[in-house]
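Working notes, structure below.
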Amino acid sequence: ILCYLESIEEGEKFLRVVSKAAKKKPIVILKAGVSDAGARAASSHTGALAGSDIAYNLAFHKCGVLRAKTIADLFDYGEIFLFQPIPNINSFAIITNAGGPGIIATDAFEREELRFAQFTEPILHLLRENLPAEAAIFNPVDIIGDATPDRYEFTIKTVFGLNNDNSHETVKEKDVTTYGALIIMSPQAQTRPYDVAKIVHEISSKHLQNKPIVCSLIGGVSMVEATKYLKQHHIPCYPFPERAAQSLKALVKYKQFLKKTVLDAIEIPKYDVQKEKVKEIFNSVRNDERTVLLSYETSEVFECYGIHSPKSRLAKTPREAMVYQKEIGNSVMKIASPQIVHKTDVGGIILNINSPEKAFEAFIQIVDNAKKFGPQNVKVYGVEIQEMVSFKQEKKVNELIIGMSRDAQFGPLIMIGSGGIYANFLKDISFALSYKFTRDNAAKMLQKTKIFSLLQGVRGESSSDIESIIEVLLRLSQLVNDFPDIMELDINPLLSFIKGYSAVDIKITISRE
């Protein structure tokens, strides 16, 4: 199935339906509106929001869609799926009569993560004994510029273990490691492209019904007749090796998807949470005509979902401040006002409050500072008493950022990466859809980041508590799926230790309704 797509209105339904359909037939989509200008044009054309390109990539990957970047890709993929089999294993050979195109093909295979077949000794022995001394017998196989059709035939049959006649040594099935091939031809005096094309078709149709063969015929006019023959006989043929590699990668990706469990059958871990209490918090925020939660409210929400953050309480009087300080211990006290964003600028934060008496005095001072130096007629809810996170005794601390933004089509997008004050500059982040979000999804998105190497431990360091980070992602996914009214969520930093973690600074924004 080949599709041109501008937008999707029902993202979750798309994921559900397409993931089932893709198990029966390959689906290739060319998504237009990738650039800012293209997105505006698509929105104007369809009357729908174009949506995040990152979200589309994630959605297509999740439901088994192969994404074409160009119209040429769309029809290349359509052709190879129509006429060539899906390889059982990602293991291919390159056969070429020119070194340069062979190297270019090798680079393309590396980019596309196509694996090279590792020829066994019986196959290498046959190649070594029958090809010219100048030939390169290791994959890619360079049969050099004077290669005749017979040499192509011998090499193709040998790498697939088909030269089992009286004139050659027998190659056993266990010795064959090639599950597909790219045949490259460049115009040479003895090549005779048309004859080679007929040989490729004959071998493919008679012996390789379950192994894909593609060709790259480089040479323009001199290759027209051979290219036409191959196309007529359903052998995909490309002017350059890069497109051949991309098409083979499409087959490999589809094979990987076929091995996965269909989305509807995936079981998602569910934690015991206090959903009703979170509803009450959100209703209280809306009644106050706000959409951004204050720090103590975010702390309560995370507490309801089992995500560890510094204990936080809102004191409305100096006496309450004393009670809460005694409960929490060493604290930082902050002004609680949605109108004061930069609390330090108005003297709205005092650190190291280690006694109820100090909490009493700090409350009065913070409120007084807010009224003196804050906005005129500032609305003060009280003072937040928050547990001070002391990690000096920790042997290892890594700062992470974890967040969520809600895509118009596909719902919550979860993010994780390197956190702290340099998060926006490092841009070391990974995304995943929250829909059908599994422990494996959480682990893989973390592994895609550079900070994952630091979490594993470098230069003799101990490993951080990676399992606890994965659990945070799973609990966060449950929270944002349970509450579609959470529009944005940000934890920066989440401090990861050798044992445990602490979500230090949390921001949550909800919808008005």
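Labels used: A, B, ... for chains in the order of the structure tokens, numbers from 1 for residues in each chain, and numbers from 1 for ligands as shown.
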
Q | Non-local contacts of Asn130 in chain A (10 Å; only C-alpha atoms; under 5 positions in same chain excluded) as a ChimeraX atom specification | A | /A:125,135,151,154-155,168

### Message
I'd like the contact shell of Gly220 in chain A - 12 Å cut-off, only C-alpha atoms, skipping same-chain residues fewer than 3 positions apart - returned as JSON, numbers by chain.
### Response
{"A": [185, 186, 187, 193, 216, 217, 223, 224, 225, 226, 227, 238, 239, 240]}

Fewer than 2 positions away in the same chain doesn't count, so skip those; otherwise give me all residues within 9 Å of range 427-439 of chain A, counting only C-alpha atoms, as an mmCIF file with N, CA and C atoms, in the first residue's frame.
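Printed below is part.cif as written:
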data_model
loop_
_atom_site.group_PDB
_atom_site.id
_atom_site.type_symbol
_atom_site.label_atom_id
_atom_site.label_comp_id
_atom_site.auth_asym_id
_atom_site.auth_seq_id
_atom_site.Cartn_x
_atom_site.Cartn_y
_atom_site.Cartn_z
ATOM 1 N N GLU A 12 -4.737 8.121 17.426
ATOM 2 C CA GLU A 12 -4.780 6.834 18.131
ATOM 3 C C GLU A 12 -5.460 5.765 17.285
ATOM 4 N N LEU A 15 -3.000 4.547 14.673
ATOM 5 C CA LEU A 15 -2.037 3.589 15.228
ATOM 6 C C LEU A 15 -2.657 2.206 15.370
ATOM 7 N N ILE A 54 8.367 14.883 14.306
ATOM 8 C CA ILE A 54 8.918 13.878 15.219
ATOM 9 C C ILE A 54 7.840 12.878 15.600
ATOM 10 N N ALA A 55 6.643 13.398 15.891
ATOM 11 C CA ALA A 55 5.533 12.523 16.282
ATOM 12 C C ALA A 55 5.155 11.577 15.145
ATOM 13 N N LEU A 58 7.711 8.773 14.960
ATOM 14 C CA LEU A 58 7.508 7.811 16.051
ATOM 15 C C LEU A 58 6.274 6.954 15.802
ATOM 16 N N ALA A 59 5.210 7.585 15.319
ATOM 17 C CA ALA A 59 3.958 6.861 15.069
ATOM 18 C C ALA A 59 4.144 5.840 13.951
ATOM 19 N N LYS A 62 6.118 2.920 15.184
ATOM 20 C CA LYS A 62 5.374 2.095 16.157
ATOM 21 C C LYS A 62 4.384 1.163 15.468
ATOM 22 N N LEU A 263 0.097 -4.114 18.286
ATOM 23 C CA LEU A 263 -0.074 -3.137 19.365
ATOM 24 C C LEU A 263 -1.206 -3.506 20.324
ATOM 25 N N ASP A 264 -2.335 -3.967 19.780
ATOM 26 C CA ASP A 264 -3.485 -4.277 20.641
ATOM 27 C C ASP A 264 -3.186 -5.383 21.651
ATOM 28 N N ILE A 266 -0.293 -5.813 23.204
ATOM 29 C CA ILE A 266 0.758 -5.426 24.157
ATOM 30 C C ILE A 266 0.135 -5.076 25.509
ATOM 31 N N GLU A 267 0.681 -5.655 26.577
ATOM 32 C CA GLU A 267 0.205 -5.362 27.929
ATOM 33 C C GLU A 267 1.070 -4.274 28.551
ATOM 34 N N ILE A 268 0.412 -3.233 29.025
ATOM 35 C CA ILE A 268 1.113 -2.090 29.599
ATOM 36 C C ILE A 268 1.094 -2.206 31.124
ATOM 37 N N PRO A 269 2.238 -2.019 31.790
ATOM 38 C CA PRO A 269 2.254 -2.081 33.259
ATOM 39 C C PRO A 269 1.393 -0.983 33.873
ATOM 40 N N ILE A 401 16.860 15.356 32.100
ATOM 41 C CA ILE A 401 15.616 16.079 31.863
ATOM 42 C C ILE A 401 14.597 15.068 31.360
ATOM 43 N N PHE A 410 -1.183 12.601 17.888
ATOM 44 C CA PHE A 410 -0.830 11.317 18.498
ATOM 45 C C PHE A 410 -0.744 11.353 20.019
ATOM 46 N N GLY A 411 -1.133 12.472 20.627
ATOM 47 C CA GLY A 411 -1.171 12.528 22.081
ATOM 48 C C GLY A 411 0.186 12.776 22.710
ATOM 49 N N PRO A 412 0.396 12.267 23.926
ATOM 50 C CA PRO A 412 1.613 12.598 24.679
ATOM 51 C C PRO A 412 2.898 12.081 24.027
ATOM 52 N N LEU A 413 3.875 12.990 23.918
ATOM 53 C CA LEU A 413 5.232 12.630 23.502
ATOM 54 C C LEU A 413 6.121 12.722 24.727
ATOM 55 N N ILE A 414 6.753 11.624 25.097
ATOM 56 C CA ILE A 414 7.637 11.616 26.260
ATOM 57 C C ILE A 414 9.068 11.865 25.800
ATOM 58 N N MET A 415 9.811 12.617 26.599
ATOM 59 C CA MET A 415 11.190 12.978 26.253
ATOM 60 C C MET A 415 12.098 12.683 27.432
ATOM 61 N N ILE A 416 13.332 12.272 27.125
ATOM 62 C CA ILE A 416 14.352 12.123 28.166
ATOM 63 C C ILE A 416 15.709 12.468 27.561
ATOM 64 N N GLY A 417 16.616 12.981 28.397
ATOM 65 C CA GLY A 417 17.945 13.325 27.899
ATOM 66 C C GLY A 417 18.793 13.959 28.980
ATOM 67 N N SER A 418 19.874 14.602 28.548
ATOM 68 C CA SER A 418 20.774 15.292 29.478
ATOM 69 C C SER A 418 20.096 16.549 29.999
ATOM 70 N N GLY A 419 20.069 16.690 31.333
ATOM 71 C CA GLY A 419 19.377 17.814 31.939
ATOM 72 C C GLY A 419 20.301 18.844 32.527
ATOM 73 N N TYR A 422 22.296 23.246 30.983
ATOM 74 C CA TYR A 422 22.764 23.202 29.597
ATOM 75 C C TYR A 422 21.878 22.316 28.705
ATOM 76 N N ALA A 423 20.730 21.907 29.201
ATOM 77 C CA ALA A 423 19.866 20.976 28.459
ATOM 78 C C ALA A 423 19.528 21.502 27.066
ATOM 79 N N ASN A 424 19.183 22.798 26.969
ATOM 80 C CA ASN A 424 18.785 23.366 25.681
ATOM 81 C C ASN A 424 19.949 23.496 24.708
ATOM 82 N N PHE A 425 21.167 23.523 25.238
ATOM 83 C CA PHE A 425 22.337 23.667 24.370
ATOM 84 C C PHE A 425 22.863 22.300 23.926
ATOM 85 N N ASN A 441 10.209 0.025 25.528
ATOM 86 C CA ASN A 441 10.230 1.360 24.911
ATOM 87 C C ASN A 441 11.021 2.337 25.773
ATOM 88 N N ALA A 442 10.784 2.284 27.089
ATOM 89 C CA ALA A 442 11.470 3.194 28.013
ATOM 90 C C ALA A 442 12.974 2.958 27.994
ATOM 91 N N ALA A 443 13.377 1.688 28.021
ATOM 92 C CA ALA A 443 14.802 1.362 28.022
ATOM 93 C C ALA A 443 15.464 1.813 26.721
ATOM 94 N N LYS A 444 14.788 1.584 25.590
ATOM 95 C CA LYS A 444 15.373 1.930 24.292
ATOM 96 C C LYS A 444 15.502 3.434 24.109
ATOM 97 N N MET A 445 14.516 4.199 24.568
ATOM 98 C CA MET A 445 14.632 5.650 24.386
ATOM 99 C C MET A 445 15.757 6.212 25.256
ATOM 100 N N LEU A 446 15.968 5.624 26.425
ATOM 101 C CA LEU A 446 17.078 6.053 27.278
ATOM 102 C C LEU A 446 18.423 5.692 26.636
ATOM 103 N N GLN A 447 18.481 4.506 26.019
ATOM 104 C CA GLN A 447 19.725 4.041 25.386
ATOM 105 C C GLN A 447 20.129 4.902 24.185
ATOM 106 N N LYS A 448 19.186 5.613 23.594
ATOM 107 C CA LYS A 448 19.486 6.461 22.432
ATOM 108 C C LYS A 448 20.207 7.754 22.817
ATOM 109 N N THR A 449 20.217 8.088 24.097
ATOM 110 C CA THR A 449 20.844 9.342 24.537
ATOM 111 C C THR A 449 22.331 9.130 24.819
ATOM 112 N N LYS A 450 23.081 10.216 24.761
ATOM 113 C CA LYS A 450 24.513 10.145 25.065
ATOM 114 C C LYS A 450 24.751 9.965 26.563
ATOM 115 N N ILE A 451 23.843 10.530 27.375
ATOM 116 C CA ILE A 451 24.042 10.438 28.820
ATOM 117 C C ILE A 451 23.888 9.004 29.313
ATOM 118 N N ILE A 470 13.796 4.139 34.404
ATOM 119 C CA ILE A 470 12.818 3.488 33.530
ATOM 120 C C ILE A 470 11.448 3.478 34.200
ATOM 121 N N GLU A 471 11.424 3.221 35.514
ATOM 122 C CA GLU A 471 10.148 3.225 36.237
ATOM 123 C C GLU A 471 9.517 4.616 36.251
ATOM 124 N N LEU A 473 9.744 6.828 33.881
ATOM 125 C CA LEU A 473 9.154 7.000 32.554
ATOM 126 C C LEU A 473 7.822 6.267 32.439
ATOM 127 N N LEU A 474 7.750 5.059 33.001
ATOM 128 C CA LEU A 474 6.507 4.279 32.947
ATOM 129 C C LEU A 474 5.405 4.926 33.783
ATOM 130 N N SER A 477 4.235 8.048 31.993
ATOM 131 C CA SER A 477 3.375 7.683 30.870
ATOM 132 C C SER A 477 1.955 7.397 31.345
ATOM 133 N N GLN A 478 1.834 6.680 32.458
ATOM 134 C CA GLN A 478 0.502 6.394 33.002
ATOM 135 C C GLN A 478 -0.195 7.688 33.414
ATOM 136 N N VAL A 480 0.204 10.853 32.226
ATOM 137 C CA VAL A 480 -0.243 11.688 31.107
ATOM 138 C C VAL A 480 -1.304 10.991 30.265
ATOM 139 N N ASN A 481 -1.340 9.655 30.288
ATOM 140 C CA ASN A 481 -2.421 8.939 29.599
ATOM 141 C C ASN A 481 -3.718 9.014 30.398
#

- Item | Long-range neighbours of Val176 in chain A as an NGL selection string, 9 Å cut-off, only C-alpha atoms, 4 positions minimum in chain | :A and (117 or 119-120 or 123 or 159-161 or 171-172)

Go ahead and save the picked residues with C-alpha atoms, as an mmCIF file, in the first residue's frame.
data_model
loop_
_atom_site.group_PDB
_atom_site.id
_atom_site.type_symbol
_atom_site.label_atom_id
_atom_site.label_comp_id
_atom_site.auth_asym_id
_atom_site.auth_seq_id
_atom_site.Cartn_x
_atom_site.Cartn_y
_atom_site.Cartn_z
ATOM 1 C CA ALA A 117 27.361 -11.625 4.810
ATOM 2 C CA PHE A 119 31.476 -15.794 3.842
ATOM 3 C CA THR A 120 32.455 -19.169 5.272
ATOM 4 C CA ILE A 123 32.776 -20.223 -0.191
ATOM 5 C CA VAL A 159 27.934 -16.663 -2.619
ATOM 6 C CA PHE A 160 24.476 -18.273 -2.561
ATOM 7 C CA GLY A 161 25.894 -21.799 -2.399
ATOM 8 C CA VAL A 171 29.036 -26.079 -0.460
ATOM 9 C CA LYS A 172 26.741 -27.247 2.333
#

Going by DSSP on the backbone, which bits of range 321-462 of chain A are helix (DSSP H, G or I)? Write them as an MDAnalysis selection string, please.
-> chainID A and resid 321:328 343:346 356:373 423:426 439:447 451:456

Print the selection's residues with C-alpha atoms to a file, as an mmCIF file, in the first residue's frame.
data_model
loop_
_atom_site.group_PDB
_atom_site.id
_atom_site.type_symbol
_atom_site.label_atom_id
_atom_site.label_comp_id
_atom_site.auth_asym_id
_atom_site.auth_seq_id
_atom_site.Cartn_x
_atom_site.Cartn_y
_atom_site.Cartn_z
ATOM 1 C CA ALA A 321 5.528 26.887 58.472
ATOM 2 C CA MET A 322 6.854 25.724 61.837
ATOM 3 C CA VAL A 323 4.744 22.550 61.750
ATOM 4 C CA TYR A 324 5.748 21.643 58.196
ATOM 5 C CA GLN A 325 9.443 22.348 58.797
ATOM 6 C CA LYS A 326 9.406 19.991 61.743
ATOM 7 C CA GLU A 327 7.786 17.307 59.536
ATOM 8 C CA ILE A 328 10.114 17.771 56.539
ATOM 9 C CA LYS A 343 11.749 34.130 42.976
ATOM 10 C CA THR A 344 15.394 34.953 43.739
ATOM 11 C CA ASP A 345 15.016 38.441 42.204
ATOM 12 C CA VAL A 346 12.480 39.473 44.836
ATOM 13 C CA PRO A 356 10.805 25.581 63.281
ATOM 14 C CA GLU A 357 11.868 28.954 64.714
ATOM 15 C CA LYS A 358 13.825 29.801 61.572
ATOM 16 C CA ALA A 359 10.819 28.729 59.481
ATOM 17 C CA PHE A 360 8.613 31.160 61.419
ATOM 18 C CA GLU A 361 11.005 34.058 60.748
ATOM 19 C CA ALA A 362 11.633 33.073 57.105
ATOM 20 C CA PHE A 363 7.886 32.999 56.368
ATOM 21 C CA ILE A 364 7.444 36.575 57.517
ATOM 22 C CA GLN A 365 10.547 37.778 55.655
ATOM 23 C CA ILE A 366 9.639 36.051 52.351
ATOM 24 C CA VAL A 367 6.075 37.389 52.295
ATOM 25 C CA ASP A 368 7.315 40.865 53.206
ATOM 26 C CA ASN A 369 9.923 40.757 50.376
ATOM 27 C CA ALA A 370 7.301 39.631 47.856
ATOM 28 C CA LYS A 371 5.007 42.549 48.712
ATOM 29 C CA LYS A 372 7.893 45.033 48.637
ATOM 30 C CA PHE A 373 9.744 43.888 45.513
ATOM 31 C CA ALA A 423 19.866 20.976 28.459
ATOM 32 C CA ASN A 424 18.785 23.366 25.681
ATOM 33 C CA PHE A 425 22.337 23.667 24.370
ATOM 34 C CA LEU A 426 23.326 19.994 24.489
ATOM 35 C CA ARG A 439 9.319 -1.075 29.668
ATOM 36 C CA ASP A 440 11.237 -1.986 26.503
ATOM 37 C CA ASN A 441 10.230 1.360 24.911
ATOM 38 C CA ALA A 442 11.470 3.194 28.013
ATOM 39 C CA ALA A 443 14.802 1.362 28.022
ATOM 40 C CA LYS A 444 15.373 1.930 24.292
ATOM 41 C CA MET A 445 14.632 5.650 24.386
ATOM 42 C CA LEU A 446 17.078 6.053 27.278
ATOM 43 C CA GLN A 447 19.725 4.041 25.386
ATOM 44 C CA ILE A 451 24.042 10.438 28.820
ATOM 45 C CA PHE A 452 23.137 6.734 28.913
ATOM 46 C CA SER A 453 26.861 5.922 28.656
ATOM 47 C CA LEU A 454 27.485 8.028 31.765
ATOM 48 C CA LEU A 455 24.616 6.338 33.584
ATOM 49 C CA GLN A 456 26.186 2.950 32.829
#

- Message: Excluding Leu293 in chain A and its own-chain neighbours fewer than 6 positions away, which residues fall within 12 Å of it when counting only C-alpha atoms? Please give them as a ChimeraX atom specification.
- Response: /A:278,281-286,299-302,336-338,486-490,506-511

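Within the 6 Å cut-off around range 196-211 of chain A, using only C-alpha atoms and omitting residues fewer than 4 positions from it on the same chain, the listed residues are A:Pro85, A:Pro87, A:Pro149, A:Tyr179, A:Gly180, A:Ala226.
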
Spatial neighbours of Leu5 in chain A, max dist 8 Å, only C-alpha atoms, sep filter under 6 positions, as an mmCIF file with N, CA and C atoms, in the first residue's frame:
data_model
loop_
_atom_site.group_PDB
_atom_site.id
_atom_site.type_symbol
_atom_site.label_atom_id
_atom_site.label_comp_id
_atom_site.auth_asym_id
_atom_site.auth_seq_id
_atom_site.Cartn_x
_atom_site.Cartn_y
_atom_site.Cartn_z
ATOM 1 N N ILE A 29 4.403 5.288 3.333
ATOM 2 C CA ILE A 29 3.751 6.604 3.333
ATOM 3 C C ILE A 29 4.769 7.693 3.038
ATOM 4 N N LEU A 30 4.393 8.572 2.121
ATOM 5 C CA LEU A 30 5.144 9.807 1.880
ATOM 6 C C LEU A 30 4.389 10.920 2.591
ATOM 7 N N LYS A 31 4.968 11.407 3.691
ATOM 8 C CA LYS A 31 4.329 12.468 4.495
ATOM 9 C C LYS A 31 4.824 13.821 4.012
ATOM 10 N N ALA A 32 3.888 14.626 3.485
ATOM 11 C CA ALA A 32 4.234 15.968 3.025
ATOM 12 C C ALA A 32 4.082 16.958 4.177
#
